[in-house]
Amino acid sequence: MKLTLISVALAAASLMACQPQTSETAPQKSVQPTTEKAPLTLVEGFDSNRFNIYTPVELTADLSGLSNNQKQMIGLLIEASEIMDDLFWQQAFGASKDALLTQIADPALKAFADINYGPWDRLDGDKPFIAGYAEKPLGAAFYPADMTKAEFEQFGADGKDGLYSVVERNDAGELELVSYADKYASELTKAAALLRQAAALADDDEFADYLQLRADAFLSNDYFKSDVAWMAMKNNAIDVVIGPIENYEDQLFGYRTAFEAYVLIKDLAWSERLSKYAAFLPWLQQELPVPAEYKAEKPGSDAELNAYDVVYYAGHSNAGSKTIAINLPNDERVQLAQGSRRLQLKNAMRAKFDQILVPIADQLIVPEQRQHITFNAFFSNTMFHEVAHGLGIKNTLDGTSTVRQALKEHASALEEGKADMLGLYMVRKLYEKGEITEGKLHDYYTTFMAGIFRSVRFGASSAHGVANMLRFNYFAAQDAFSKTEEGLYQVNYDQFELAMDKLSEKILRFQGDGDYAGVADWVAQAGAIGPELAADLDKLAAANIPVDIVFQQGKDSLALN
């Protein structure tokens, strides 16, 4: 759907920090509306200008070089992705899309609910915007609405912190695990059949093998083999990332994965430019500004960097702020053994740069440093962010758990913060080594600074938003930037580099120590928007700069019908 861009209302009060949860957290509130009356209406006092914080972008690509079989395959992959979209509605909202949207008469309100996959504003701290709905449960629909953290911690089931199950109550009212394969059997059976049809059309044997194994995984609930097969693909022109992948939606514990999909076409020229950087990962790991025990793990050296045009988003990847780069798989076993693949979504990245980042820089960065805002730097910073997910540490130093398990609901935000800082650290090291030759080092720092303002607008319900709030406040304390009398930001490059190294060490220590209490305290103390930054965000709103993008996409956009 196409939305008209008007003013953006992004009040600072809406960007509250994620507060640490205790084992006595109150039961989650029901996702069901408190009234059954239709049509559903806006919450009283909601600023309807927020309907327009997303600017429309059509996802298209040149398919002229593809065979008829490849075009048919893309159509099948889109159909399978649409099933992932339906499944994510069940996970995020607790019911189907139609259960909500058919009760909304106002087209603008319906479009906004569709973008947010429910009645909660994802870029405004998950505040409800439809009357009759309570606050969004931190555990979405992955856990019973009345379950406390204490009850879950006493739950003795093996695999209770697993990636591919929901927690429900049995007839006796006791907690039990239900695998995704059982919970969503009907939908996953249909999706598996579509992937098998696509595999029969694939002209790349490795891609066909991956599609078959991913179809098997939908039904077996074991995704390891398909993740390994996805890592093995080297020459496929078409790709698809599909299934339960990221755990950001589970803000209660950060355990459960959400369904999503991307349908992708490889940009061969840009991919060739990127291929050389993965070989430097072992060296970069050893150069990290942290004591040796925090970098003892060896990242897989088989990591790949590729650029793609994305032609379809579905599910979690399409909800609220849109992903522009991917680092997968998330299975720590695969990452340590084989590394990971980093996918740069070039067309979506370009849209965000042109329509959001450049206008932000024009409003907030001093004129003499605006020359350093470049797409190459934005692309590289984003790419190395994804590469940096493979650096650092995946398991706590005491060997008792993974970092994800130890830091629970704060793990995602800290991991995103780590990737931001280590990504920029990698840029600096490779630039100094002469491996990065495009532009100037100040381009990467200044573009990164402008990117903080872009990402902090995602709010406290986003791991990326929280990571940027923490970093902004840390950089401010370290004098990494200053502010002129005109209210514009100027990067202090020497202090900026020092702050990069110090913050990198701080995050890596938190992860290696599995210091849940320390991270929770940091988020509580430094994860909030201060009055000065709030005023700057209001300035962006007054300038009608969108917060993010919304896609017009599908077979019609690709002329596949």
# chains A, B, ... in the order shown; residues from 1 in each chain; ligands from 1

call {"tool": "select_by_dssp", "arguments": {"residues": "stretch 244-275 of chain A", "states": "strand (DSSP E)", "output": "PDB file with N, CA and C atoms, in the first residue's frame"}}
result
ATOM      1  N   PRO A 244      12.122 -20.042  10.763  1.00  0.00           N
ATOM      2  CA  PRO A 244      12.251 -19.370  12.064  1.00  0.00           C
ATOM      3  C   PRO A 244      13.718 -19.030  12.303  1.00  0.00           C
ATOM      4  N   ILE A 245      14.031 -17.740  12.413  1.00  0.00           N
ATOM      5  CA  ILE A 245      15.442 -17.337  12.363  1.00  0.00           C
ATOM      6  C   ILE A 245      15.850 -16.445  13.528  1.00  0.00           C
ATOM      7  N   GLU A 246      15.360 -15.215  13.580  1.00  0.00           N
ATOM      8  CA  GLU A 246      15.817 -14.256  14.581  1.00  0.00           C
ATOM      9  C   GLU A 246      14.982 -14.371  15.865  1.00  0.00           C
ATOM     10  N   ALA A 258      11.527 -16.264  15.322  1.00  0.00           N
ATOM     11  CA  ALA A 258      10.329 -15.834  14.607  1.00  0.00           C
ATOM     12  C   ALA A 258      10.450 -16.187  13.126  1.00  0.00           C
ATOM     13  N   PHE A 259       9.317 -16.473  12.511  1.00  0.00           N
ATOM     14  CA  PHE A 259       9.296 -16.825  11.091  1.00  0.00           C
ATOM     15  C   PHE A 259       9.471 -15.573  10.232  1.00  0.00           C
ATOM     16  N   GLU A 260      10.248 -15.742   9.172  1.00  0.00           N
ATOM     17  CA  GLU A 260      10.482 -14.643   8.236  1.00  0.00           C
ATOM     18  C   GLU A 260      11.002 -15.215   6.926  1.00  0.00           C
ATOM     19  N   ALA A 261      11.159 -14.334   5.938  1.00  0.00           N
ATOM     20  CA  ALA A 261      11.703 -14.762   4.645  1.00  0.00           C
ATOM     21  C   ALA A 261      12.210 -13.552   3.871  1.00  0.00           C
ATOM     22  N   TYR A 262      13.234 -13.811   3.064  1.00  0.00           N
ATOM     23  CA  TYR A 262      13.732 -12.865   2.066  1.00  0.00           C
ATOM     24  C   TYR A 262      13.921 -13.663   0.767  1.00  0.00           C
ATOM     25  N   VAL A 263      13.444 -13.147  -0.333  1.00  0.00           N
ATOM     26  CA  VAL A 263      13.733 -13.720  -1.651  1.00  0.00           C
ATOM     27  C   VAL A 263      14.727 -12.784  -2.322  1.00  0.00           C
ATOM     28  N   LEU A 264      15.847 -13.339  -2.800  1.00  0.00           N
ATOM     29  CA  LEU A 264      17.008 -12.526  -3.161  1.00  0.00           C
ATOM     30  C   LEU A 264      17.572 -12.898  -4.524  1.00  0.00           C
ATOM     31  N   ILE A 265      18.128 -11.889  -5.206  1.00  0.00           N
ATOM     32  CA  ILE A 265      18.836 -12.092  -6.470  1.00  0.00           C
ATOM     33  C   ILE A 265      20.236 -11.507  -6.305  1.00  0.00           C
ATOM     34  N   LYS A 266      21.244 -12.319  -6.535  1.00  0.00           N
ATOM     35  CA  LYS A 266      22.627 -11.908  -6.266  1.00  0.00           C
ATOM     36  C   LYS A 266      23.098 -10.847  -7.261  1.00  0.00           C
ATOM     37  N   ASP A 267      23.776  -9.834  -6.738  1.00  0.00           N
ATOM     38  CA  ASP A 267      24.462  -8.831  -7.553  1.00  0.00           C
ATOM     39  C   ASP A 267      25.907  -9.305  -7.688  1.00  0.00           C
TER      40      ASP A 267
END

call {"tool": "select_by_dssp", "arguments": {"residues": "stretch 366-487 of chain A", "states": "helix (DSSP H, G or I)", "output": "ChimeraX atom specification"}}
result
/A:367-372,375-388,403-432,441-456,463-477

call {"tool": "atom_distance", "arguments": {"atom1": "atom CA of A:Ile326", "atom2": "atom CA of A:Asn381"}}
result
13.0 Å

call {"tool": "closest_residue", "arguments": {"among": "A:Leu345, A:Leu488, A:Leu540, A:Ala526", "to": "A:Phe475", "atoms": "only C-alpha atoms"}}
result
A:Ala526

call {"tool": "atom_distance", "arguments": {"atom1": "atom CA of A:Phe253", "atom2": "atom CA of A:Asp126"}}
result
16.7 Å

call {"tool": "atom_distance", "arguments": {"atom1": "atom CA of A:Leu508", "atom2": "atom CA of A:Phe280"}}
result
19.6 Å

call {"tool": "closest_residue", "arguments": {"among": "A:Ala208, A:Ala92, A:Leu252, A:Leu343", "to": "A:Met233", "atoms": "only C-alpha atoms"}}
result
A:Ala208

call {"tool": "closest_residue", "arguments": {"among": "A:Arg122, A:Arg471, A:Lys127, A:Arg428", "to": "A:Phe458", "atoms": "only C-alpha atoms"}}
result
A:Arg122
